[in-house]
Structure formats: C-alpha cells, structure tokens
file query34.pdb (PDB, C-alpha atoms and all ligand atoms)
MODEL        1
ATOM      1  CA  MET W   1      45.544-101.360 -51.347  1.00  0.00           C
ATOM      2  CA  LYS W   2      45.280-104.224 -48.948  1.00  0.00           C
ATOM      3  CA  GLN W   3      42.581-105.730 -46.833  1.00  0.00           C
ATOM      4  CA  LEU W   4      43.314-105.177 -43.165  1.00  0.00           C
ATOM      5  CA  LYS W   5      42.453-107.613 -40.419  1.00  0.00           C
ATOM      6  CA  ILE W   6      39.455-106.472 -38.379  1.00  0.00           C
ATOM      7  CA  ILE W   7      40.057-107.262 -34.729  1.00  0.00           C
ATOM      8  CA  GLY W   8      37.456-108.627 -32.317  1.00  0.00           C
ATOM      9  CA  ARG W   9      36.397-107.485 -28.873  1.00  0.00           C
ATOM     10  CA  ASP W  10      38.943-109.784 -27.223  1.00  0.00           C
ATOM     11  CA  ASN W  11      41.667-107.393 -28.477  1.00  0.00           C
ATOM     12  CA  PRO W  12      42.297-104.587 -25.933  1.00  0.00           C
ATOM     13  CA  VAL W  13      42.806-101.914 -28.652  1.00  0.00           C
ATOM     14  CA  LEU W  14      39.058-102.059 -29.213  1.00  0.00           C
ATOM     15  CA  THR W  15      38.225-101.050 -25.660  1.00  0.00           C
ATOM     16  CA  GLU W  16      40.881 -98.362 -25.106  1.00  0.00           C
ATOM     17  CA  LYS W  17      40.772 -94.647 -25.807  1.00  0.00           C
ATOM     18  CA  ALA W  18      42.625 -93.867 -29.045  1.00  0.00           C
ATOM     19  CA  ASN W  19      45.195 -91.082 -29.431  1.00  0.00           C
ATOM     20  CA  PRO W  20      44.784 -87.970 -31.583  1.00  0.00           C
ATOM     21  CA  VAL W  21      46.354 -88.126 -35.040  1.00  0.00           C
ATOM     22  CA  GLY W  22      49.466 -85.952 -35.147  1.00  0.00           C
ATOM     23  CA  GLN W  23      50.829 -85.852 -38.653  1.00  0.00           C
ATOM     24  CA  ILE W  24      48.773 -86.452 -41.750  1.00  0.00           C
ATOM     25  CA  ASP W  25      51.568 -88.070 -43.735  1.00  0.00           C
ATOM     26  CA  ARG W  26      51.942 -90.504 -46.582  1.00  0.00           C
ATOM     27  CA  GLU W  27      51.753 -93.506 -44.278  1.00  0.00           C
ATOM     28  CA  LEU W  28      48.391 -92.299 -42.971  1.00  0.00           C
ATOM     29  CA  GLN W  29      47.116 -91.839 -46.545  1.00  0.00           C
ATOM     30  CA  SER W  30      47.885 -95.465 -47.347  1.00  0.00           C
ATOM     31  CA  THR W  31      46.232 -96.576 -44.080  1.00  0.00           C
ATOM     32  CA  ILE W  32      43.139 -94.564 -45.065  1.00  0.00           C
ATOM     33  CA  ASP W  33      43.029 -96.221 -48.504  1.00  0.00           C
ATOM     34  CA  ASP W  34      43.407 -99.660 -46.902  1.00  0.00           C
ATOM     35  CA  MET W  35      40.614 -98.877 -44.423  1.00  0.00           C
ATOM     36  CA  ILE W  36      38.222 -97.763 -47.194  1.00  0.00           C
ATOM     37  CA  PHE W  37      39.069-100.933 -49.141  1.00  0.00           C
ATOM     38  CA  THR W  38      38.547-103.084 -46.029  1.00  0.00           C
ATOM     39  CA  MET W  39      35.227-101.406 -45.143  1.00  0.00           C
ATOM     40  CA  ARG W  40      33.857-101.976 -48.650  1.00  0.00           C
ATOM     41  CA  LYS W  41      35.072-105.588 -48.772  1.00  0.00           C
ATOM     42  CA  ALA W  42      33.239-106.211 -45.489  1.00  0.00           C
ATOM     43  CA  ASN W  43      30.080-104.439 -46.745  1.00  0.00           C
ATOM     44  CA  GLY W  44      30.339-102.017 -43.849  1.00  0.00           C
ATOM     45  CA  VAL W  45      29.133 -98.433 -43.585  1.00  0.00           C
ATOM     46  CA  GLY W  46      31.924 -97.385 -41.247  1.00  0.00           C
ATOM     47  CA  LEU W  47      35.282 -98.497 -39.925  1.00  0.00           C
ATOM     48  CA  ALA W  48      37.311 -96.894 -37.151  1.00  0.00           C
ATOM     49  CA  ALA W  49      41.102 -97.208 -36.926  1.00  0.00           C
ATOM     50  CA  PRO W  50      41.012 -99.143 -33.594  1.00  0.00           C
ATOM     51  CA  GLN W  51      39.012-101.841 -35.406  1.00  0.00           C
ATOM     52  CA  VAL W  52      42.099-102.597 -37.496  1.00  0.00           C
ATOM     53  CA  GLY W  53      44.319-102.472 -34.415  1.00  0.00           C
ATOM     54  CA  LEU W  54      45.447 -98.835 -34.741  1.00  0.00           C
ATOM     55  CA  PRO W  55      44.852 -96.753 -31.593  1.00  0.00           C
ATOM     56  CA  ILE W  56      44.408 -93.443 -33.461  1.00  0.00           C
ATOM     57  CA  ARG W  57      41.408 -91.105 -33.773  1.00  0.00           C
ATOM     58  CA  MET W  58      40.403 -91.675 -37.356  1.00  0.00           C
ATOM     59  CA  ALA W  59      37.466 -93.337 -39.095  1.00  0.00           C
ATOM     60  CA  VAL W  60      36.037 -93.864 -42.543  1.00  0.00           C
ATOM     61  CA  VAL W  61      32.295 -93.761 -43.168  1.00  0.00           C
ATOM     62  CA  GLU W  62      30.318 -94.498 -46.302  1.00  0.00           C
ATOM     63  CA  THR W  63      26.680 -93.615 -45.939  1.00  0.00           C
ATOM     64  CA  PRO W  64      24.226 -95.966 -47.637  1.00  0.00           C
ATOM     65  CA  SER W  65      22.468 -94.863 -50.828  1.00  0.00           C
ATOM     66  CA  GLU W  66      19.059 -93.248 -50.513  1.00  0.00           C
ATOM     67  CA  TYR W  67      16.137 -94.060 -52.794  1.00  0.00           C
ATOM     68  CA  ASP W  68      13.194 -91.999 -54.058  1.00  0.00           C
ATOM     69  CA  GLU W  69       9.549 -93.133 -53.988  1.00  0.00           C
ATOM     70  CA  GLU W  70      10.041 -95.069 -57.227  1.00  0.00           C
ATOM     71  CA  ASP W  71      12.998 -96.900 -55.695  1.00  0.00           C
ATOM     72  CA  ASN W  72      15.559 -95.132 -57.874  1.00  0.00           C
ATOM     73  CA  GLU W  73      18.893 -94.417 -56.270  1.00  0.00           C
ATOM     74  CA  ILE W  74      19.254 -90.715 -55.528  1.00  0.00           C
ATOM     75  CA  PRO W  75      22.472 -89.517 -57.245  1.00  0.00           C
ATOM     76  CA  ASP W  76      25.354 -88.721 -54.883  1.00  0.00           C
ATOM     77  CA  SER W  77      23.325 -89.921 -51.866  1.00  0.00           C
ATOM     78  CA  ARG W  78      26.106 -92.392 -51.068  1.00  0.00           C
ATOM     79  CA  ARG W  79      28.897 -90.351 -49.542  1.00  0.00           C
ATOM     80  CA  LEU W  80      32.373 -91.298 -48.406  1.00  0.00           C
ATOM     81  CA  PHE W  81      33.888 -89.511 -45.423  1.00  0.00           C
ATOM     82  CA  VAL W  82      37.332 -89.718 -43.900  1.00  0.00           C
ATOM     83  CA  ILE W  83      37.351 -88.057 -40.531  1.00  0.00           C
ATOM     84  CA  ILE W  84      40.433 -87.369 -38.448  1.00  0.00           C
ATOM     85  CA  ASN W  85      40.275 -86.287 -34.789  1.00  0.00           C
ATOM     86  CA  PRO W  86      36.472 -85.960 -34.893  1.00  0.00           C
ATOM     87  CA  GLU W  87      34.572 -84.260 -32.121  1.00  0.00           C
ATOM     88  CA  ILE W  88      30.844 -84.098 -31.577  1.00  0.00           C
ATOM     89  CA  VAL W  89      30.319 -80.406 -30.836  1.00  0.00           C
ATOM     90  CA  TRP W  90      26.530 -80.525 -30.665  1.00  0.00           C
ATOM     91  CA  GLN W  91      23.907 -83.218 -30.265  1.00  0.00           C
ATOM     92  CA  SER W  92      20.125 -83.050 -30.410  1.00  0.00           C
ATOM     93  CA  ARG W  93      18.196 -83.715 -27.233  1.00  0.00           C
ATOM     94  CA  LYS W  94      15.988 -86.031 -29.232  1.00  0.00           C
ATOM     95  CA  GLN W  95      17.190 -89.616 -29.314  1.00  0.00           C
ATOM     96  CA  VAL W  96      16.046 -92.413 -31.579  1.00  0.00           C
ATOM     97  CA  LYS W  97      16.278 -96.170 -31.205  1.00  0.00           C
ATOM     98  CA  GLY W  98      17.758 -98.262 -34.002  1.00  0.00           C
ATOM     99  CA  ILE W  99      19.382-101.601 -34.756  1.00  0.00           C
ATOM    100  CA  GLU W 100      23.162-101.689 -35.084  1.00  0.00           C
ATOM    101  CA  GLY W 101      25.789-104.209 -35.951  1.00  0.00           C
ATOM    102  CA  CYS W 102      29.567-103.934 -35.927  1.00  0.00           C
ATOM    103  CA  LEU W 103      32.304-105.364 -38.160  1.00  0.00           C
ATOM    104  CA  SER W 104      34.188-106.280 -34.979  1.00  0.00           C
ATOM    105  CA  MET W 105      31.264-108.445 -33.814  1.00  0.00           C
ATOM    106  CA  PRO W 106      30.023-110.140 -36.963  1.00  0.00           C
ATOM    107  CA  GLY W 107      26.731-112.016 -36.765  1.00  0.00           C
ATOM    108  CA  TYR W 108      25.224-109.951 -33.947  1.00  0.00           C
ATOM    109  CA  LEU W 109      22.788-107.036 -33.749  1.00  0.00           C
ATOM    110  CA  GLY W 110      21.571-104.830 -30.940  1.00  0.00           C
ATOM    111  CA  GLU W 111      19.206-101.975 -30.238  1.00  0.00           C
ATOM    112  CA  VAL W 112      20.859 -98.664 -29.366  1.00  0.00           C
ATOM    113  CA  SER W 113      19.536 -95.169 -28.680  1.00  0.00           C
ATOM    114  CA  ARG W 114      21.395 -92.389 -30.512  1.00  0.00           C
ATOM    115  CA  HIS W 115      21.005 -88.641 -30.861  1.00  0.00           C
ATOM    116  CA  GLN W 116      18.788 -87.948 -33.843  1.00  0.00           C
ATOM    117  CA  ALA W 117      21.114 -85.190 -35.085  1.00  0.00           C
ATOM    118  CA  ILE W 118      24.711 -84.188 -34.364  1.00  0.00           C
ATOM    119  CA  ARG W 119      27.317 -81.711 -35.506  1.00  0.00           C
ATOM    120  CA  VAL W 120      30.847 -83.085 -35.940  1.00  0.00           C
ATOM    121  CA  LYS W 121      34.063 -81.151 -36.367  1.00  0.00           C
ATOM    122  CA  GLY W 122      37.399 -82.610 -37.401  1.00  0.00           C
ATOM    123  CA  LEU W 123      39.803 -82.830 -40.310  1.00  0.00           C
ATOM    124  CA  ASP W 124      39.490 -84.506 -43.688  1.00  0.00           C
ATOM    125  CA  ARG W 125      42.296 -86.608 -45.176  1.00  0.00           C
ATOM    126  CA  ARG W 126      44.026 -83.518 -46.548  1.00  0.00           C
ATOM    127  CA  GLY W 127      43.958 -81.857 -43.136  1.00  0.00           C
ATOM    128  CA  LYS W 128      41.195 -79.461 -44.131  1.00  0.00           C
ATOM    129  CA  ALA W 129      38.656 -78.537 -41.466  1.00  0.00           C
ATOM    130  CA  LEU W 130      35.380 -80.475 -41.631  1.00  0.00           C
ATOM    131  CA  ASP W 131      32.134 -79.272 -40.096  1.00  0.00           C
ATOM    132  CA  LEU W 132      29.321 -81.755 -40.649  1.00  0.00           C
ATOM    133  CA  LYS W 133      25.667 -81.555 -39.689  1.00  0.00           C
ATOM    134  CA  LEU W 134      24.251 -85.059 -39.726  1.00  0.00           C
ATOM    135  CA  LYS W 135      20.900 -86.611 -38.961  1.00  0.00           C
ATOM    136  CA  GLY W 136      19.171 -89.985 -38.947  1.00  0.00           C
ATOM    137  CA  TRP W 137      21.273 -92.962 -40.085  1.00  0.00           C
ATOM    138  CA  ASP W 138      24.250 -90.790 -40.995  1.00  0.00           C
ATOM    139  CA  ALA W 139      24.269 -89.356 -37.458  1.00  0.00           C
ATOM    140  CA  ARG W 140      23.963 -92.899 -36.040  1.00  0.00           C
ATOM    141  CA  ILE W 141      26.925 -94.213 -38.057  1.00  0.00           C
ATOM    142  CA  PHE W 142      29.146 -91.320 -36.962  1.00  0.00           C
ATOM    143  CA  GLN W 143      28.187 -91.767 -33.303  1.00  0.00           C
ATOM    144  CA  HIS W 144      29.004 -95.482 -33.539  1.00  0.00           C
ATOM    145  CA  GLU W 145      32.401 -94.830 -35.184  1.00  0.00           C
ATOM    146  CA  ILE W 146      33.371 -91.988 -32.844  1.00  0.00           C
ATOM    147  CA  ASP W 147      32.482 -94.256 -29.898  1.00  0.00           C
ATOM    148  CA  HIS W 148      35.114 -96.704 -31.206  1.00  0.00           C
ATOM    149  CA  LEU W 149      37.746 -93.968 -30.754  1.00  0.00           C
ATOM    150  CA  ASP W 150      36.831 -93.866 -27.065  1.00  0.00           C
ATOM    151  CA  GLY W 151      36.882 -97.640 -26.684  1.00  0.00           C
ATOM    152  CA  VAL W 152      33.087 -97.779 -26.495  1.00  0.00           C
ATOM    153  CA  LEU W 153      31.184-100.516 -28.305  1.00  0.00           C
ATOM    154  CA  TYR W 154      27.484-100.470 -29.168  1.00  0.00           C
ATOM    155  CA  THR W 155      27.020-103.357 -26.771  1.00  0.00           C
ATOM    156  CA  ASP W 156      27.941-100.888 -23.986  1.00  0.00           C
ATOM    157  CA  ARG W 157      24.911 -98.805 -24.989  1.00  0.00           C
ATOM    158  CA  LEU W 158      22.136-101.343 -25.514  1.00  0.00           C
ATOM    159  CA  THR W 159      18.619-100.111 -24.680  1.00  0.00           C
ATOM    160  CA  ALA W 160      18.391-103.232 -22.474  1.00  0.00           C
ATOM    161  CA  PRO W 161      20.807-106.175 -22.023  1.00  0.00           C
ATOM    162  CA  GLU W 162      18.319-108.524 -23.689  1.00  0.00           C
ATOM    163  CA  ASN W 163      18.103-106.351 -26.820  1.00  0.00           C
ATOM    164  CA  PHE W 164      21.107-108.125 -28.307  1.00  0.00           C
ATOM    165  CA  TRP W 165      20.623-110.923 -30.782  1.00  0.00           C
ATOM    166  CA  THR W 166      22.336-113.134 -33.308  1.00  0.00           C
ATOM    167  CA  GLU W 167      21.277-112.242 -36.852  1.00  0.00           C
ATOM    168  CA  GLU W 168      19.240-115.464 -36.947  1.00  0.00           C
ATOM    169  CA  GLU W 169      17.419-114.652 -33.698  1.00  0.00           C
ATOM    170  CA  PHE W 170      16.699-111.153 -34.972  1.00  0.00           C
ATOM    171  CA  GLU W 171      15.294-112.417 -38.289  1.00  0.00           C
ATOM    172  CA  ALA W 172      13.104-114.988 -36.492  1.00  0.00           C
ATOM    173  CA  MET W 173      11.845-112.295 -34.116  1.00  0.00           C
ATOM    174  CA  ARG W 174      10.969-109.971 -36.991  1.00  0.00           C
ATOM    175  CA  GLU W 175       9.140-112.700 -38.853  1.00  0.00           C
ATOM    176  CA  ALA W 176       7.156-113.559 -35.723  1.00  0.00           C
ATOM    177  CA  GLU W 177       6.269-109.878 -35.227  1.00  0.00           C
ATOM    178  CA  GLN W 178       5.117-109.582 -38.820  1.00  0.00           C
ATOM    179  CA  GLU W 179       2.926-112.668 -38.495  1.00  0.00           C
ATOM    180  CA  GLU W 180       1.307-111.170 -35.425  1.00  0.00           C
ATOM    181  CA  GLU W 181       0.529-107.996 -37.359  1.00  0.00           C
ATOM    182  CA  ASN W 182      -1.123-109.870 -40.243  1.00  0.00           C
TER     183      ASN W 182
HETATM  184 ZN    ZN A   1      31.637-100.857 -34.904  1.00  0.00          ZN
ENDMDL
END
call {"tool": "encode", "arguments": {"input": "query34.pdb", "output": "structure tokens"}}
result
Amino acid sequence: MKQLKIIGRDNPVLTEKANPVGQIDRELQSTIDDMIFTMRKANGVGLAAPQVGLPIRMAVVETPSEYDEEDNEIPDSRRLFVIINPEIVWQSRKQVKGIEGCLSMPGYLGEVSRHQAIRVKGLDRRGKALDLKLKGWDARIFQHEIDHLDGVLYTDRLTAPENFWTEEEFEAMREAEQEEEN
C-alpha cells in the first residue's frame, strides 16, 4: 500500500464532475487500499477519489468511534465504507449546521448546513449493492464526500462567507465564547 498525494483546490480535478466507475478490477482494488491507507495516515474520516487526482465516483469513509456515558468506546462503532458510484436517493428536510474541514484544504474549517439524515445507494468494493441509511455525523461525512464527486467543496456551501476560519482562528473564537459563558 502506498500513500497517495492529496491534491489542493488549485488542481482542476477537485472542481470537476467525476465519471462513474465502470469496471471494478484489480487496479481499482489497489487504488481503494491506497486510499484507505492515505485517509488513515492523514487522520481523515473520508477521502474521495478526486482528492487523489482520480476523476472517478468512488470514496472511502471511516466513521469516528462513538463513546458511551462512561467514555468507553462502543465496539464496532468505527466503521469503514468503500462506496462506488454513490447516489443520495433520499434526504431529510431537516438540516443541521456543523463544522467541517477537508484534507484538500488543511488548516481550515468552515460551517456548513447538511441534511440530518440521508439514504445512499451504490456499490461496495466487491460490486455488491449498498443501501445505507445514515444520520448525524455519518450523514455529514457522506454528503461531504459525495459532493467531491460533483466537484463541490464545503467552501461552496458555507452558511455565510465569513464562517470560514483557520484552525487557530476557530480555536481562539471558541475559547472567547467559552469565557463569555463562564
Ligand atoms: Zn473534503
């Protein structure tokens, strides 16, 4: 497995619509393994093929672990998905605001509204049909990754242009807000 280069927003592949995956062959399997490896190395929760310069409709997602009230990790709460030719076939009317970052724009964060729940259809890495009902953070991650396949970045969906910060600005803002509360 090798670590792939994650491209930045100056690369046109990131802002173009990607093509459907045709054949799920051995070459694709090794690309998938490299993408999972690259996502984990970068501490990401998702990586779409265009982010490594490949204009194809495929993404890997690894949902973060969930914890119970005593802060113990819930077994199997961290799940790895490989999704090929994904389509959002249903989305909740309810939207929720949240803070997102992107491996293609390291060091920045922004506030984005996403559907609270979605249903996604597509294929897994073996070509088997996938039908996923997702909510909360999982739904957010999938919406972000599927956007990449359409050349859409989270910065295209900010709740307001000013709701975009460097990580340092965001931390300072949160600290200031907390001080105000106390
Ligand atoms: Zn991204």
call {"tool": "resolve_selection", "arguments": {"input": "query34.pdb", "expression": "the PyMOL selection byres (((chain W and resi 11-18) around 8) and not hetatm)", "output": "ChimeraX atom specification"}}
result
/W:7-10,19-20,50-51,53-57,148-153
call {"tool": "residues_near_ligand", "arguments": {"input": "query34.pdb", "ligand": "ligand ZN 1 (chain A)", "cutoff": "9 Å", "atoms": "all atoms listed in the file", "output": "list in words"}}
result
Gly46, Leu47, Ala48, Gln51, Glu100, Gly101, Cys102, Leu103, Ser104, Met105, Ile141, His144, Glu145, Asp147, His148, Leu153 and Tyr154 of chain W
call {"tool": "closest_residue", "arguments": {"input": "query34.pdb", "among": "W:Glu162, W:Glu177, W:Asp131, W:Glu111", "to": "Val89 of chain W", "atoms": "only C-alpha atoms"}}
result
W:Asp131
call {"tool": "resolve_selection", "arguments": {"input": "query34.pdb", "expression": "the PyMOL selection byres (((chain W and resi 112) around 7) and not hetatm)", "output": "list in words"}}
result
Lys97, Gly98, Ile99, Glu100, Gly110, Glu111, Ser113, Arg114, Tyr154, Arg157, Leu158 and Thr159 of chain W
call {"tool": "closest_residue", "arguments": {"input": "query34.pdb", "among": "W:Gln143, W:Thr166, W:Gln3, W:Ser77", "to": "Thr38 of chain W", "atoms": "all atoms listed in the file"}}
result
W:Gln3
call {"tool": "closest_residue", "arguments": {"input": "query34.pdb", "among": "W:Trp90, W:Pro64, W:Leu123, W:Thr155", "to": "Tyr108 of chain W", "atoms": "all atoms listed in the file"}}
result
W:Thr155
call {"tool": "closest_residue", "arguments": {"input": "query34.pdb", "among": "W:Phe164, W:Trp137, W:Phe142, W:Phe170", "to": "Phe81 of chain W", "atoms": "only C-alpha atoms"}}
result
W:Phe142
call {"tool": "closest_residue", "arguments": {"input": "query34.pdb", "among": "W:Arg126, W:His115, W:Arg78, W:Lys121", "to": "Gln29 of chain W", "atoms": "all atoms listed in the file"}}
result
W:Arg126
call {"tool": "atom_distance", "arguments": {"input": "query34.pdb", "atom1": "atom CA of Val52 of chain W", "atom2": "atom CA of Asn85 of chain W"}}
result
16.6 Å
call {"tool": "closest_residue", "arguments": {"input": "query34.pdb", "among": "W:Leu109, W:Ala59, W:Ala42, W:Leu134", "to": "Gln91 of chain W", "atoms": "all atoms listed in the file"}}
result
W:Leu134
call {"tool": "atom_distance", "arguments": {"input": "query34.pdb", "atom1": "atom CA of Gly127 of chain W", "atom2": "atom CA of Ile83 of chain W"}}
result
9.4 Å
call {"tool": "atom_distance", "arguments": {"input": "query34.pdb", "atom1": "atom CA of Arg119 of chain W", "atom2": "atom CA of Lys135 of chain W"}}
result
8.8 Å
call {"tool": "residues_around", "arguments": {"input": "query34.pdb", "residues": "Asp76 of chain W", "least_positions_apart": "2", "cutoff": "9 Å", "atoms": "only C-alpha atoms", "output": "MDAnalysis selection string"}}
result
chainID W and resid 65:66 73:74 78:79
call {"tool": "build_atoms", "arguments": {"input": "query34.pdb", "residues": "segment 14-37 of chain W", "atoms": "N, CA and C atoms", "output": "compact mmCIF listing (two decimals), keeping the file's coordinate frame"}}
result
# COMPACT_ATOMS: atom_id res chain seq x y z
N LEU W 14 40.45 -102.40 -28.94
CA LEU W 14 39.06 -102.06 -29.21
C LEU W 14 38.35 -101.42 -28.02
N THR W 15 38.91 -101.58 -26.84
CA THR W 15 38.22 -101.05 -25.66
C THR W 15 39.05 -99.97 -24.96
N GLU W 16 40.06 -99.45 -25.67
CA GLU W 16 40.88 -98.36 -25.11
C GLU W 16 40.62 -97.06 -25.85
N LYS W 17 40.91 -95.95 -25.17
CA LYS W 17 40.77 -94.65 -25.81
C LYS W 17 41.93 -94.45 -26.79
N ALA W 18 41.60 -94.06 -28.01
CA ALA W 18 42.62 -93.87 -29.04
C ALA W 18 43.25 -92.47 -28.94
N ASN W 19 44.45 -92.35 -29.50
CA ASN W 19 45.20 -91.08 -29.43
C ASN W 19 44.92 -90.20 -30.65
N PRO W 20 44.99 -88.87 -30.44
CA PRO W 20 44.78 -87.97 -31.58
C PRO W 20 45.83 -88.23 -32.67
N VAL W 21 45.42 -88.02 -33.92
CA VAL W 21 46.35 -88.13 -35.04
C VAL W 21 47.23 -86.88 -35.02
N GLY W 22 48.55 -87.08 -35.11
CA GLY W 22 49.47 -85.95 -35.15
C GLY W 22 49.67 -85.51 -36.58
N GLN W 23 50.51 -86.24 -37.29
CA GLN W 23 50.83 -85.85 -38.65
C GLN W 23 49.99 -86.59 -39.68
N ILE W 24 49.50 -85.83 -40.64
CA ILE W 24 48.77 -86.45 -41.75
C ILE W 24 49.80 -86.67 -42.87
N ASP W 25 50.47 -87.81 -42.80
CA ASP W 25 51.57 -88.07 -43.74
C ASP W 25 51.19 -89.17 -44.74
N ARG W 26 52.19 -89.53 -45.52
CA ARG W 26 51.94 -90.50 -46.58
C ARG W 26 51.52 -91.87 -46.03
N GLU W 27 52.10 -92.23 -44.90
CA GLU W 27 51.75 -93.51 -44.28
C GLU W 27 50.27 -93.52 -43.89
N LEU W 28 49.81 -92.38 -43.35
CA LEU W 28 48.39 -92.30 -42.97
C LEU W 28 47.50 -92.41 -44.21
N GLN W 29 47.91 -91.76 -45.31
CA GLN W 29 47.12 -91.84 -46.54
C GLN W 29 46.95 -93.29 -46.99
N SER W 30 48.01 -94.08 -46.89
CA SER W 30 47.88 -95.46 -47.35
C SER W 30 47.04 -96.27 -46.36
N THR W 31 47.12 -95.93 -45.06
CA THR W 31 46.23 -96.58 -44.08
C THR W 31 44.77 -96.24 -44.40
N ILE W 32 44.51 -94.98 -44.74
CA ILE W 32 43.14 -94.56 -45.06
C ILE W 32 42.62 -95.36 -46.27
N ASP W 33 43.45 -95.46 -47.32
CA ASP W 33 43.03 -96.22 -48.50
C ASP W 33 42.75 -97.68 -48.15
N ASP W 34 43.61 -98.26 -47.32
CA ASP W 34 43.41 -99.66 -46.90
C ASP W 34 42.12 -99.80 -46.09
N MET W 35 41.83 -98.81 -45.25
CA MET W 35 40.61 -98.88 -44.42
C MET W 35 39.35 -98.76 -45.28
N ILE W 36 39.39 -97.89 -46.30
CA ILE W 36 38.22 -97.76 -47.19
C ILE W 36 38.00 -99.09 -47.93
N PHE W 37 39.11 -99.65 -48.42
CA PHE W 37 39.07 -100.93 -49.14
C PHE W 37 38.49 -102.03 -48.23
